[in-house]
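Asks: I'd like to ask you about the structure that follows.
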Amino acid sequence: MRNWRGYGLFALVSVLLLVVAPLVLPPFRLDELAKYLCFAIAALGIGLAWGQGGMLTLGQGVFFGLGGYAMAMYLKIQDAGGDLPDFMIWSGVEELPALWEPFRNPVIALAAVIVVPVAVAVLLGTL
């Protein structure tokens with residue numbers, strides 16, 4: 001019975017965060033909530049590996065950072081209206097580099113957020 005109570009509480013909080021929060025929170029607070037939830041995912045992973053598995057995880061931030069960097073590339077292009085991001089203009093870059101070109105597409109960017117960290121983890125795990 002106790003497990004079901006925990007699952008019900010989890011479902012209730014999830015519905016509140018995913019459905020109610022976007023309707024009642026102003027954009028700034030909603031952005032903050034999204035950032036906190038992203039950091040909570042990373043923290044839960046560290047807590048699970050360290051607390052349950054007894055492993056000290058020093059490299060987990062690399063994979064979190066790779067996914068964040070991939071998403072930031074897409075967001076920076078969108079913020080520039082599809083043109084060159086401002087820091088590239090300041091640096092004298094005249095056209096979008098080939099590495100950045102696929103990040104114009106949101107589907108490819110979202111896939112890269114998952115695929116790039118997984119690929120690096122597989123490569124490092126294989127070594």
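Chain lettering (A, B, ...) mirrors the order of the structure tokens, residue numbering begins at 1 for each chain separately, and ligand numbering begins at 1 in order of display.
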Would you give me, as a PyMOL selection string, the residues in chain A that DSSP reads as helix (DSSP H, G or I)?
Replies: chain A and resi 2-24+27-52+60-79+86-90+101-104+106-126
Asks: Would you pick out the contacts of A:Pro85 at 12 Å or less, using only C-alpha atoms, so that residues sharing its chain but fewer than 3 positions from it are not included, and give the list as a list in words?
Replies: Ala72, Met73, Tyr74, Leu75, Lys76, Ile77, Gln78, Asp79, Ala80, Gly81, Gly82, Met88, Ile89, Trp90, Ser91, Gly92, Val93, Glu94, Glu95, Leu96, Pro97, Trp100, Glu101 and Arg104 of chain A
Asks: I need the residue nearest A:Leu66 from this list: A:Phe39, A:Pro102, A:Val118, A:Glu32. Use only C-alpha atoms for the distance.
Replies: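 So, comparing all the options, the nearest one is A:Val118.
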Asks: Between atom CA of A:Gly47 and atom CA of A:Phe64, what is the distance in Å, rounded to a tenth?
Replies: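 Calculated distance between atom CA of A:Gly47 and atom CA of A:Phe64 is 14.7 Å.
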Asks: Which residues are near A:Thr57? Cut-off 8 Å, only C-alpha atoms, ignore same chain within fewer than 6 positions. Put them as a list in words.
Replies: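 In the requested form, the answer reads Ile46, Ala49 and Trp50 of chain A.
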Asks: Export C-alpha atoms of the chosen residues as a compact mmCIF listing (two decimals), in the first residue's frame?
Replies:
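The result, stored in out-v4.txt:
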# COMPACT_ATOMS: atom_id res chain seq x y z
CA ILE A 46 24.64 11.16 -9.33
CA ALA A 49 25.13 6.00 -8.89
CA TRP A 50 26.83 7.13 -5.69
Asks: Need to verify the contact set: A:Val107, 12 Å, only C-alpha atoms, exclusion of same-chain residues closer than 6 positions in sequence. Can you return it as an MDAnalysis selection string?
Replies: chainID A and resid 70:71 74 113:115
Asks: For each of A:Val62, A:Tyr36, A:Val122, A:Ala112, take the minimum atom-to-atom distance to A:Leu99, counting only C-alpha atoms, then give the residue where this is smallest.
Replies: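 Smallest distance to A:Leu99 is found for A:Ala112.
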Asks: Could you please determine the separation between atom CA of A:Cys38 and atom CA of A:Gly68 in Å, to one decimal place?
Replies: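 A separation of 9.7 Å between them.
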Asks: So, with only C-alpha atoms as the atoms that count, which of A:Gln52, A:Phe63, A:Val15, A:Phe103 lies closest to A:Val116?
Replies: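 Among the listed residues, A:Phe63 lies closest to A:Val116.
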Asks: Which is closest to A:Tyr69 among A:Leu110, A:Ala40, A:Leu84, A:Leu9, if we use only C-alpha atoms?
Replies: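 Smallest separation from A:Tyr69 among the options: A:Leu110.
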Asks: Can you tell me how far atom CA of A:Gly6 sits from atom CA of A:Leu56, in Å to one decimal?
Replies: 27.8 Å
